[in-house]
$ cat data-v8.txt   # compact mmCIF, C-alpha atoms
# COMPACT_ATOMS: atom_id res chain seq x y z
CA MET A 1 8.45 -144.86 -108.18
CA SER A 2 5.64 -146.00 -110.36
CA GLU A 3 5.84 -147.45 -113.83
CA VAL A 4 3.67 -144.49 -114.88
CA GLN A 5 6.40 -142.01 -113.82
CA LEU A 6 8.99 -143.95 -115.80
CA GLN A 7 6.79 -144.06 -118.90
CA GLU A 8 6.02 -140.32 -118.60
CA ALA A 9 9.75 -139.55 -118.36
CA VAL A 10 10.51 -141.80 -121.35
CA GLY A 11 7.73 -140.04 -123.25
CA ARG A 12 9.22 -136.62 -122.47
CA LEU A 13 12.60 -137.80 -123.74
CA LYS A 14 11.10 -139.20 -126.95
CA ASN A 15 9.09 -136.00 -127.51
CA SER A 16 12.35 -134.05 -127.20
CA GLY A 17 13.93 -136.23 -129.89
CA VAL A 18 16.13 -138.17 -127.48
CA ARG A 19 16.82 -141.81 -128.36
CA ILE A 20 16.12 -144.25 -125.52
CA THR A 21 19.17 -146.50 -125.23
CA PRO A 22 19.28 -149.33 -122.67
CA GLN A 23 21.86 -147.36 -120.65
CA ARG A 24 19.76 -144.17 -120.74
CA HIS A 25 16.70 -146.12 -119.62
CA ALA A 26 18.67 -147.71 -116.77
CA VAL A 27 20.07 -144.35 -115.55
CA LEU A 28 16.58 -142.84 -115.64
CA GLU A 29 15.05 -145.80 -113.82
CA TYR A 30 17.78 -145.69 -111.16
CA LEU A 31 17.18 -141.97 -110.58
CA LEU A 32 13.43 -142.40 -110.30
CA ASN A 33 13.86 -145.23 -107.77
CA ALA A 34 16.67 -143.59 -105.79
CA GLU A 35 15.88 -142.88 -102.15
CA ILE A 36 19.00 -140.72 -102.04
CA HIS A 37 20.19 -137.84 -104.20
CA PRO A 38 22.89 -139.78 -106.05
CA THR A 39 26.08 -138.51 -107.62
CA ALA A 40 27.00 -139.57 -111.15
CA ASP A 41 29.53 -141.93 -109.56
CA ASP A 42 26.83 -143.51 -107.36
CA ILE A 43 24.76 -144.18 -110.48
CA TYR A 44 27.76 -145.56 -112.38
CA LYS A 45 28.68 -147.92 -109.54
CA ALA A 46 25.10 -149.14 -109.22
CA LEU A 47 24.82 -149.90 -112.94
CA GLU A 48 28.32 -151.03 -113.93
CA GLY A 49 27.52 -154.69 -113.22
CA LYS A 50 24.56 -154.59 -115.60
CA PHE A 51 26.40 -152.45 -118.20
CA PRO A 52 30.13 -153.31 -117.99
CA ASN A 53 30.92 -151.25 -121.11
CA MET A 54 29.24 -148.10 -119.81
CA SER A 55 31.57 -145.28 -118.76
CA VAL A 56 31.16 -142.55 -116.16
CA ALA A 57 31.06 -140.14 -119.12
CA THR A 58 27.94 -141.92 -120.39
CA VAL A 59 26.27 -141.35 -117.02
CA TYR A 60 27.26 -137.65 -117.04
CA ASN A 61 26.02 -137.22 -120.62
CA ASN A 62 22.68 -138.79 -119.75
CA LEU A 63 22.34 -136.62 -116.64
CA ARG A 64 23.05 -133.52 -118.75
CA VAL A 65 20.30 -134.52 -121.21
CA PHE A 66 17.86 -135.18 -118.35
CA ARG A 67 18.72 -131.82 -116.77
CA GLU A 68 18.28 -129.92 -120.05
CA ILE A 69 14.85 -131.50 -120.58
CA GLY A 70 13.85 -130.78 -116.98
CA LEU A 71 13.66 -134.36 -115.71
CA VAL A 72 16.27 -133.82 -112.99
CA ARG A 73 17.75 -131.01 -110.96
CA GLU A 74 21.47 -130.81 -110.40
CA LEU A 75 22.31 -129.98 -106.81
CA THR A 76 25.72 -128.44 -106.25
CA TYR A 77 27.19 -128.07 -102.79
CA GLY A 78 30.58 -126.39 -102.61
CA ASP A 79 33.43 -128.51 -103.90
CA SER A 80 31.72 -131.88 -103.52
CA SER A 81 30.25 -133.78 -106.45
CA SER A 82 26.94 -132.70 -107.88
CA ARG A 83 23.95 -134.71 -106.79
CA PHE A 84 20.85 -135.31 -108.86
CA ASP A 85 17.20 -135.07 -107.85
CA CYS A 86 14.28 -136.40 -109.90
CA ASN A 87 11.84 -134.46 -107.75
CA THR A 88 11.64 -131.25 -109.76
CA SER A 89 8.75 -129.82 -107.76
CA ASP A 90 9.47 -126.92 -105.40
CA HIS A 91 10.94 -128.37 -102.23
CA TYR A 92 13.86 -127.88 -99.89
CA HIS A 93 16.67 -130.07 -98.57
CA ILE A 94 18.08 -130.88 -95.17
CA ILE A 95 21.66 -132.13 -95.24
CA CYS A 96 23.49 -134.20 -92.63
CA ASP A 97 26.75 -132.56 -91.50
CA ALA A 98 28.16 -135.98 -90.56
CA CYS A 99 27.39 -138.26 -93.53
CA GLY A 100 26.20 -135.87 -96.24
CA LYS A 101 22.77 -137.50 -96.60
CA ILE A 102 20.24 -135.18 -98.29
CA VAL A 103 16.53 -135.47 -97.49
CA ASP A 104 13.66 -133.66 -99.19
CA PHE A 105 11.16 -131.72 -97.17
CA HIS A 106 8.24 -129.65 -98.29
CA TYR A 107 7.38 -126.21 -97.02
CA PRO A 108 5.32 -123.48 -98.64
CA SER A 109 7.35 -121.61 -101.23
CA LEU A 110 9.09 -118.52 -99.95
CA ASP A 111 7.81 -116.23 -102.73
CA GLU A 112 7.46 -113.31 -100.32
CA VAL A 113 11.19 -113.56 -99.55
CA GLU A 114 11.97 -113.27 -103.26
CA SER A 115 9.71 -110.20 -103.54
CA LEU A 116 11.34 -108.56 -100.53
CA ALA A 117 14.82 -109.34 -101.88
CA GLU A 118 13.90 -107.64 -105.17
CA LYS A 119 12.57 -104.55 -103.38
CA VAL A 120 15.57 -104.24 -101.05
CA THR A 121 18.31 -104.97 -103.59
CA GLY A 122 16.90 -104.00 -106.97
CA PHE A 123 17.73 -107.47 -108.32
CA ASP A 124 15.43 -109.37 -110.65
CA VAL A 125 15.21 -112.61 -108.67
CA SER A 126 15.10 -115.77 -110.78
CA HIS A 127 14.94 -118.40 -108.02
CA HIS A 128 16.15 -119.31 -104.57
CA ARG A 129 17.48 -122.34 -102.76
CA MET A 130 17.22 -123.06 -99.06
CA GLU A 131 19.30 -125.70 -97.33
CA ILE A 132 19.10 -126.71 -93.71
CA TYR A 133 21.96 -128.55 -92.03
CA GLY A 134 22.05 -130.84 -89.02
CA VAL A 135 22.73 -134.43 -87.98
CA CYS A 136 20.47 -137.21 -89.29
CA GLU A 137 18.84 -139.85 -87.08
CA ASP A 138 21.33 -142.56 -88.11
CA CYS A 139 24.35 -140.40 -87.27
CA LYS A 140 22.84 -139.30 -83.94
CA LYS A 141 22.92 -142.97 -82.91
CA THR A 142 26.70 -143.22 -83.38
CA PRO A 143 28.91 -142.58 -80.31
CA GLN A 144 30.50 -139.32 -81.54
CA HIS A 145 27.06 -137.64 -81.67
$ encode --input "data-v8.txt" --output "structure tokens"
Amino acid sequence: MSEVQLQEAVGRLKNSGVRITPQRHAVLEYLLNAEIHPTADDIYKALEGKFPNMSVATVYNNLRVFREIGLVRELTYGDSSSRFDCNTSDHYHIICDACGKIVDFHYPSLDEVESLAEKVTGFDVSHHRMEIYGVCEDCKKTPQH
């Protein structure tokens, strides 16, 4: 993550009338630097040493603000905790069946699939999400794979 990305995100928050608290800045910076798609709990655990008075609720509230402004996407997968992605461009995810790791990958948008779905079903399609599942390289190295 570049300092420019962080400053652009802070600028978007300020332009939306959101106050930049030290905790909010830290959550945003963590998300922008995250190599993973963290849960709110991951973020809380990573920052609790620096902000001992910060609660998990503070993290959730900040994530909600970021989502509403369009800085992050919330990824929901069944019953497991939501994960958060700062990459809001169109992209897809591949998810490890063994460890749950989520990796971004880019592929041309499947707009023609949305058009076909509208024609076949009569729905007005708003968006789509594609997920691919498998076993990541790290898990393939373990004996059970």
$ residues_near_point --input "data-v8.txt" --point "(22.9, -134.4, -91.0)" --cutoff "12 Å" --atoms "all atoms listed in the file" --output "short mmCIF file (atom, residue, chain, number, x, y, z; two decimals) with C-alpha atoms, in the frame of the given file"
data_model
loop_
_atom_site.label_atom_id
_atom_site.label_comp_id
_atom_site.auth_asym_id
_atom_site.auth_seq_id
_atom_site.Cartn_x
_atom_site.Cartn_y
_atom_site.Cartn_z
CA HIS A 93 16.67 -130.07 -98.57
CA ILE A 94 18.08 -130.88 -95.17
CA ILE A 95 21.66 -132.13 -95.24
CA CYS A 96 23.49 -134.20 -92.63
CA ASP A 97 26.75 -132.56 -91.50
CA ALA A 98 28.16 -135.98 -90.56
CA CYS A 99 27.39 -138.26 -93.53
CA GLY A 100 26.20 -135.87 -96.24
CA LYS A 101 22.77 -137.50 -96.60
CA ILE A 102 20.24 -135.18 -98.29
CA VAL A 103 16.53 -135.47 -97.49
CA GLU A 131 19.30 -125.70 -97.33
CA ILE A 132 19.10 -126.71 -93.71
CA TYR A 133 21.96 -128.55 -92.03
CA GLY A 134 22.05 -130.84 -89.02
CA VAL A 135 22.73 -134.43 -87.98
CA CYS A 136 20.47 -137.21 -89.29
CA GLU A 137 18.84 -139.85 -87.08
CA ASP A 138 21.33 -142.56 -88.11
CA CYS A 139 24.35 -140.40 -87.27
CA LYS A 140 22.84 -139.30 -83.94
CA LYS A 141 22.92 -142.97 -82.91
CA HIS A 145 27.06 -137.64 -81.67
#
$ closest_residue --input "data-v8.txt" --among "A:Ile20, A:Leu13, A:Leu31, A:Leu110" --to "Arg73 in chain A" --atoms "all atoms listed in the file"
A:Leu31
$ residues_around --input "data-v8.txt" --residues "range 47-57 of chain A" --least-positions-apart "6" --cutoff "9 Å" --atoms "all atoms listed in the file" --output "list in words"
Pro22, Gln23, Ala26, Val27, Tyr30, Ala40 and Asp41 of chain A
$ residues_around --input "data-v8.txt" --residues "Asn87 in chain A" --least-positions-apart "2" --cutoff "9 Å" --atoms "all atoms listed in the file" --output "list in words"
Leu32, Leu71, Val72, Arg73, Asp85, Ser89, Asp90, His91 and Asp104 of chain A
$ closest_residue --input "data-v8.txt" --among "A:Ser16, A:Ser109, A:Asn61, A:Thr76" --to "Tyr44 in chain A" --atoms "all atoms listed in the file"
A:Asn61
$ axis_aligned_box --input "data-v8.txt" --around "range 67-78 of chain A" --padding-each-side "5 Å" --output "JSON"
{"center_x": 22.1, "center_y": -130.4, "center_z": -111.6, "size_x": 26.9, "size_y": 18.0, "size_z": 28.0}
$ atom_distance --input "data-v8.txt" --atom1 "CA of Leu63 in chain A" --atom2 "CA of His127 in chain A"
21.5 Å
$ atom_distance --input "data-v8.txt" --atom1 "CA of Val10 in chain A" --atom2 "CA of Thr39 in chain A"
21.0 Å
$ residues_around --input "data-v8.txt" --residues "Ala9 in chain A" --least-positions-apart "6" --cutoff "10 Å" --atoms "all atoms listed in the file" --output "PDB file with C-alpha atoms, keeping the file's coordinate frame"
ATOM      1  CA  GLU A   3       5.840-147.450-113.830  1.00  0.00           C
ATOM      2  CA  ASN A  15       9.090-136.000-127.510  1.00  0.00           C
ATOM      3  CA  HIS A  25      16.700-146.120-119.620  1.00  0.00           C
ATOM      4  CA  LEU A  28      16.580-142.840-115.640  1.00  0.00           C
ATOM      5  CA  GLU A  29      15.050-145.800-113.820  1.00  0.00           C
ATOM      6  CA  LEU A  32      13.430-142.400-110.300  1.00  0.00           C
ATOM      7  CA  PHE A  66      17.860-135.180-118.350  1.00  0.00           C
ATOM      8  CA  ILE A  69      14.850-131.500-120.580  1.00  0.00           C
ATOM      9  CA  GLY A  70      13.850-130.780-116.980  1.00  0.00           C
ATOM     10  CA  LEU A  71      13.660-134.360-115.710  1.00  0.00           C
TER      11      LEU A  71
END
$ residues_around --input "data-v8.txt" --residues "range 113-117 of chain A" --least-positions-apart "3" --cutoff "12 Å" --atoms "all atoms listed in the file" --output "number ranges by chain"
A: 108-110, 120-130
$ write_last_selection --input "data-v8.txt" --atoms "C-alpha atoms" --output "short mmCIF file (atom, residue, chain, number, x, y, z; two decimals), in the frame of the given file"
data_model
loop_
_atom_site.label_atom_id
_atom_site.label_comp_id
_atom_site.auth_asym_id
_atom_site.auth_seq_id
_atom_site.Cartn_x
_atom_site.Cartn_y
_atom_site.Cartn_z
CA PRO A 108 5.32 -123.48 -98.64
CA SER A 109 7.35 -121.61 -101.23
CA LEU A 110 9.09 -118.52 -99.95
CA VAL A 120 15.57 -104.24 -101.05
CA THR A 121 18.31 -104.97 -103.59
CA GLY A 122 16.90 -104.00 -106.97
CA PHE A 123 17.73 -107.47 -108.32
CA ASP A 124 15.43 -109.37 -110.65
CA VAL A 125 15.21 -112.61 -108.67
CA SER A 126 15.10 -115.77 -110.78
CA HIS A 127 14.94 -118.40 -108.02
CA HIS A 128 16.15 -119.31 -104.57
CA ARG A 129 17.48 -122.34 -102.76
CA MET A 130 17.22 -123.06 -99.06
#
$ residues_around --input "data-v8.txt" --residues "Leu75 in chain A" --least-positions-apart "5" --cutoff "9 Å" --atoms "only C-alpha atoms" --output "number ranges by chain"
A: 37, 81-85
$ write_last_selection --input "data-v8.txt" --atoms "C-alpha atoms" --output "PDB file, keeping the file's coordinate frame"
ATOM      1  CA  HIS A  37      20.190-137.840-104.200  1.00  0.00           C
ATOM      2  CA  SER A  81      30.250-133.780-106.450  1.00  0.00           C
ATOM      3  CA  SER A  82      26.940-132.700-107.880  1.00  0.00           C
ATOM      4  CA  ARG A  83      23.950-134.710-106.790  1.00  0.00           C
ATOM      5  CA  PHE A  84      20.850-135.310-108.860  1.00  0.00           C
ATOM      6  CA  ASP A  85      17.200-135.070-107.850  1.00  0.00           C
TER       7      ASP A  85
END
$ atom_distance --input "data-v8.txt" --atom1 "CA of Asn33 in chain A" --atom2 "CA of Lys45 in chain A"
15.2 Å
$ closest_residue --input "data-v8.txt" --among "A:Thr88, A:Arg24, A:Gln7, A:Arg12" --to "Arg64 in chain A" --atoms "all atoms listed in the file"
A:Arg24
$ closest_residue --input "data-v8.txt" --among "A:Pro38, A:Asn62, A:Val4, A:Lys119" --to "Cys86 in chain A" --atoms "all atoms listed in the file"
A:Pro38
$ decode --input "data-v8.txt" --residues "range 68-101 of chain A" --atoms "N, CA, C and O atoms" --output "PDB file, in the first residue's frame"
ATOM      1  N   GLU A  68     -19.962   1.909   4.000  1.00  0.00           N
ATOM      2  CA  GLU A  68     -20.976   2.852   3.526  1.00  0.00           C
ATOM      3  C   GLU A  68     -20.391   3.892   2.578  1.00  0.00           C
ATOM      4  O   GLU A  68     -21.062   4.322   1.643  1.00  0.00           O
ATOM      5  N   ILE A  69     -19.149   4.269   2.792  1.00  0.00           N
ATOM      6  CA  ILE A  69     -18.491   5.262   1.944  1.00  0.00           C
ATOM      7  C   ILE A  69     -17.905   4.613   0.684  1.00  0.00           C
ATOM      8  O   ILE A  69     -17.591   5.281  -0.278  1.00  0.00           O
ATOM      9  N   GLY A  70     -17.788   3.288   0.708  1.00  0.00           N
ATOM     10  CA  GLY A  70     -17.266   2.577  -0.460  1.00  0.00           C
ATOM     11  C   GLY A  70     -15.770   2.320  -0.418  1.00  0.00           C
ATOM     12  O   GLY A  70     -15.163   2.017  -1.438  1.00  0.00           O
ATOM     13  N   LEU A  71     -15.172   2.415   0.769  1.00  0.00           N
ATOM     14  CA  LEU A  71     -13.732   2.157   0.898  1.00  0.00           C
ATOM     15  C   LEU A  71     -13.421   0.674   1.020  1.00  0.00           C
ATOM     16  O   LEU A  71     -12.309   0.250   0.729  1.00  0.00           O
ATOM     17  N   VAL A  72     -14.386  -0.104   1.513  1.00  0.00           N
ATOM     18  CA  VAL A  72     -14.181  -1.548   1.658  1.00  0.00           C
ATOM     19  C   VAL A  72     -15.422  -2.291   1.192  1.00  0.00           C
ATOM     20  O   VAL A  72     -16.521  -1.734   1.169  1.00  0.00           O
ATOM     21  N   ARG A  73     -15.203  -3.544   0.835  1.00  0.00           N
ATOM     22  CA  ARG A  73     -16.309  -4.463   0.565  1.00  0.00           C
ATOM     23  C   ARG A  73     -16.362  -5.456   1.698  1.00  0.00           C
ATOM     24  O   ARG A  73     -15.337  -5.925   2.172  1.00  0.00           O
ATOM     25  N   GLU A  74     -17.585  -5.779   2.106  1.00  0.00           N
ATOM     26  CA  GLU A  74     -17.767  -6.824   3.110  1.00  0.00           C
ATOM     27  C   GLU A  74     -18.035  -8.122   2.370  1.00  0.00           C
ATOM     28  O   GLU A  74     -18.918  -8.196   1.520  1.00  0.00           O
ATOM     29  N   LEU A  75     -17.241  -9.128   2.681  1.00  0.00           N
ATOM     30  CA  LEU A  75     -17.383 -10.436   2.057  1.00  0.00           C
ATOM     31  C   LEU A  75     -18.015 -11.380   3.059  1.00  0.00           C
ATOM     32  O   LEU A  75     -17.468 -11.590   4.137  1.00  0.00           O
ATOM     33  N   THR A  76     -19.162 -11.925   2.728  1.00  0.00           N
ATOM     34  CA  THR A  76     -19.827 -12.860   3.633  1.00  0.00           C
ATOM     35  C   THR A  76     -19.795 -14.242   3.009  1.00  0.00           C
ATOM     36  O   THR A  76     -20.040 -14.405   1.815  1.00  0.00           O
ATOM     37  N   TYR A  77     -19.459 -15.213   3.813  1.00  0.00           N
ATOM     38  CA  TYR A  77     -19.368 -16.600   3.365  1.00  0.00           C
ATOM     39  C   TYR A  77     -20.076 -17.484   4.374  1.00  0.00           C
ATOM     40  O   TYR A  77     -19.518 -17.837   5.401  1.00  0.00           O
ATOM     41  N   GLY A  78     -21.335 -17.813   4.105  1.00  0.00           N
ATOM     42  CA  GLY A  78     -22.070 -18.707   4.987  1.00  0.00           C
ATOM     43  C   GLY A  78     -22.150 -18.176   6.400  1.00  0.00           C
ATOM     44  O   GLY A  78     -22.421 -17.008   6.622  1.00  0.00           O
ATOM     45  N   ASP A  79     -21.874 -19.054   7.353  1.00  0.00           N
ATOM     46  CA  ASP A  79     -21.994 -18.688   8.763  1.00  0.00           C
ATOM     47  C   ASP A  79     -20.716 -18.090   9.346  1.00  0.00           C
ATOM     48  O   ASP A  79     -20.712 -17.618  10.470  1.00  0.00           O
ATOM     49  N   SER A  80     -19.622 -18.127   8.588  1.00  0.00           N
ATOM     50  CA  SER A  80     -18.365 -17.629   9.150  1.00  0.00           C
ATOM     51  C   SER A  80     -18.372 -16.100   9.187  1.00  0.00           C
ATOM     52  O   SER A  80     -19.208 -15.446   8.576  1.00  0.00           O
ATOM     53  N   SER A  81     -17.427 -15.540   9.906  1.00  0.00           N
ATOM     54  CA  SER A  81     -17.341 -14.095  10.067  1.00  0.00           C
ATOM     55  C   SER A  81     -17.126 -13.398   8.735  1.00  0.00           C
ATOM     56  O   SER A  81     -16.451 -13.929   7.854  1.00  0.00           O
ATOM     57  N   SER A  82     -17.680 -12.209   8.633  1.00  0.00           N
ATOM     58  CA  SER A  82     -17.445 -11.395   7.447  1.00  0.00           C
ATOM     59  C   SER A  82     -15.970 -11.060   7.351  1.00  0.00           C
ATOM     60  O   SER A  82     -15.288 -10.886   8.363  1.00  0.00           O
ATOM     61  N   ARG A  83     -15.508 -10.968   6.128  1.00  0.00           N
ATOM     62  CA  ARG A  83     -14.149 -10.517   5.872  1.00  0.00           C
ATOM     63  C   ARG A  83     -14.241  -9.217   5.094  1.00  0.00           C
ATOM     64  O   ARG A  83     -15.254  -8.940   4.462  1.00  0.00           O
ATOM     65  N   PHE A  84     -13.163  -8.437   5.143  1.00  0.00           N
ATOM     66  CA  PHE A  84     -13.201  -7.112   4.545  1.00  0.00           C
ATOM     67  C   PHE A  84     -12.073  -6.952   3.533  1.00  0.00           C
ATOM     68  O   PHE A  84     -10.961  -7.400   3.757  1.00  0.00           O
ATOM     69  N   ASP A  85     -12.418  -6.322   2.413  1.00  0.00           N
ATOM     70  CA  ASP A  85     -11.514  -6.195   1.271  1.00  0.00           C
ATOM     71  C   ASP A  85     -11.441  -4.735   0.862  1.00  0.00           C
ATOM     72  O   ASP A  85     -12.462  -4.126   0.528  1.00  0.00           O
ATOM     73  N   CYS A  86     -10.229  -4.171   0.891  1.00  0.00           N
ATOM     74  CA  CYS A  86     -10.029  -2.779   0.468  1.00  0.00           C
ATOM     75  C   CYS A  86      -9.967  -2.647  -1.053  1.00  0.00           C
ATOM     76  O   CYS A  86     -10.048  -1.545  -1.568  1.00  0.00           O
ATOM     77  N   ASN A  87      -9.810  -3.752  -1.734  1.00  0.00           N
ATOM     78  CA  ASN A  87      -9.788  -3.708  -3.195  1.00  0.00           C
ATOM     79  C   ASN A  87     -11.235  -3.700  -3.662  1.00  0.00           C
ATOM     80  O   ASN A  87     -11.893  -4.731  -3.698  1.00  0.00           O
ATOM     81  N   THR A  88     -11.743  -2.517  -4.010  1.00  0.00           N
ATOM     82  CA  THR A  88     -13.151  -2.402  -4.395  1.00  0.00           C
ATOM     83  C   THR A  88     -13.319  -2.458  -5.912  1.00  0.00           C
ATOM     84  O   THR A  88     -14.426  -2.290  -6.408  1.00  0.00           O
ATOM     85  N   SER A  89     -12.236  -2.716  -6.635  1.00  0.00           N
ATOM     86  CA  SER A  89     -12.362  -2.891  -8.081  1.00  0.00           C
ATOM     87  C   SER A  89     -13.010  -4.248  -8.348  1.00  0.00           C
ATOM     88  O   SER A  89     -13.056  -5.114  -7.469  1.00  0.00           O
ATOM     89  N   ASP A  90     -13.511  -4.440  -9.572  1.00  0.00           N
ATOM     90  CA  ASP A  90     -14.122  -5.727  -9.913  1.00  0.00           C
ATOM     91  C   ASP A  90     -13.039  -6.797  -9.958  1.00  0.00           C
ATOM     92  O   ASP A  90     -12.077  -6.683 -10.711  1.00  0.00           O
ATOM     93  N   HIS A  91     -13.200  -7.803  -9.119  1.00  0.00           N
ATOM     94  CA  HIS A  91     -12.281  -8.932  -9.107  1.00  0.00           C
ATOM     95  C   HIS A  91     -12.980 -10.099  -8.425  1.00  0.00           C
ATOM     96  O   HIS A  91     -14.065  -9.945  -7.874  1.00  0.00           O
ATOM     97  N   TYR A  92     -12.363 -11.245  -8.491  1.00  0.00           N
ATOM     98  CA  TYR A  92     -12.955 -12.455  -7.943  1.00  0.00           C
ATOM     99  C   TYR A  92     -12.050 -13.017  -6.849  1.00  0.00           C
ATOM    100  O   TYR A  92     -10.942 -12.539  -6.646  1.00  0.00           O
ATOM    101  N   HIS A  93     -12.541 -14.036  -6.166  1.00  0.00           N
ATOM    102  CA  HIS A  93     -11.786 -14.639  -5.064  1.00  0.00           C
ATOM    103  C   HIS A  93     -11.685 -16.140  -5.239  1.00  0.00           C
ATOM    104  O   HIS A  93     -12.617 -16.779  -5.705  1.00  0.00           O
ATOM    105  N   ILE A  94     -10.527 -16.663  -4.834  1.00  0.00           N
ATOM    106  CA  ILE A  94     -10.353 -18.106  -4.717  1.00  0.00           C
ATOM    107  C   ILE A  94     -10.102 -18.379  -3.237  1.00  0.00           C
ATOM    108  O   ILE A  94      -9.341 -17.651  -2.583  1.00  0.00           O
ATOM    109  N   ILE A  95     -10.778 -19.391  -2.716  1.00  0.00           N
ATOM    110  CA  ILE A  95     -10.816 -19.632  -1.276  1.00  0.00           C
ATOM    111  C   ILE A  95     -10.311 -21.040  -0.983  1.00  0.00           C
ATOM    112  O   ILE A  95     -10.745 -22.009  -1.606  1.00  0.00           O
ATOM    113  N   CYS A  96      -9.384 -21.142  -0.026  1.00  0.00           N
ATOM    114  CA  CYS A  96      -8.830 -22.439   0.343  1.00  0.00           C
ATOM    115  C   CYS A  96      -9.819 -23.201   1.215  1.00  0.00           C
ATOM    116  O   CYS A  96     -10.275 -22.691   2.246  1.00  0.00           O
ATOM    117  N   ASP A  97     -10.154 -24.426   0.783  1.00  0.00           N
ATOM    118  CA  ASP A  97     -11.062 -25.287   1.552  1.00  0.00           C
ATOM    119  C   ASP A  97     -10.451 -25.699   2.888  1.00  0.00           C
ATOM    120  O   ASP A  97     -11.179 -25.981   3.843  1.00  0.00           O
ATOM    121  N   ALA A  98      -9.118 -25.752   2.962  1.00  0.00           N
ATOM    122  CA  ALA A  98      -8.456 -26.248   4.164  1.00  0.00           C
ATOM    123  C   ALA A  98      -8.281 -25.157   5.223  1.00  0.00           C
ATOM    124  O   ALA A  98      -8.651 -25.348   6.380  1.00  0.00           O
ATOM    125  N   CYS A  99      -7.737 -23.996   4.839  1.00  0.00           N
ATOM    126  CA  CYS A  99      -7.415 -22.971   5.839  1.00  0.00           C
ATOM    127  C   CYS A  99      -8.294 -21.720   5.754  1.00  0.00           C
ATOM    128  O   CYS A  99      -8.230 -20.872   6.628  1.00  0.00           O
ATOM    129  N   GLY A 100      -9.088 -21.597   4.697  1.00  0.00           N
ATOM    130  CA  GLY A 100      -9.972 -20.443   4.566  1.00  0.00           C
ATOM    131  C   GLY A 100      -9.334 -19.214   3.955  1.00  0.00           C
ATOM    132  O   GLY A 100      -9.984 -18.174   3.826  1.00  0.00           O
ATOM    133  N   LYS A 101      -8.064 -19.301   3.578  1.00  0.00           N
ATOM    134  CA  LYS A 101      -7.369 -18.172   2.960  1.00  0.00           C
ATOM    135  C   LYS A 101      -8.129 -17.722   1.718  1.00  0.00           C
ATOM    136  O   LYS A 101      -8.622 -18.541   0.945  1.00  0.00           O
TER     137      LYS A 101
END
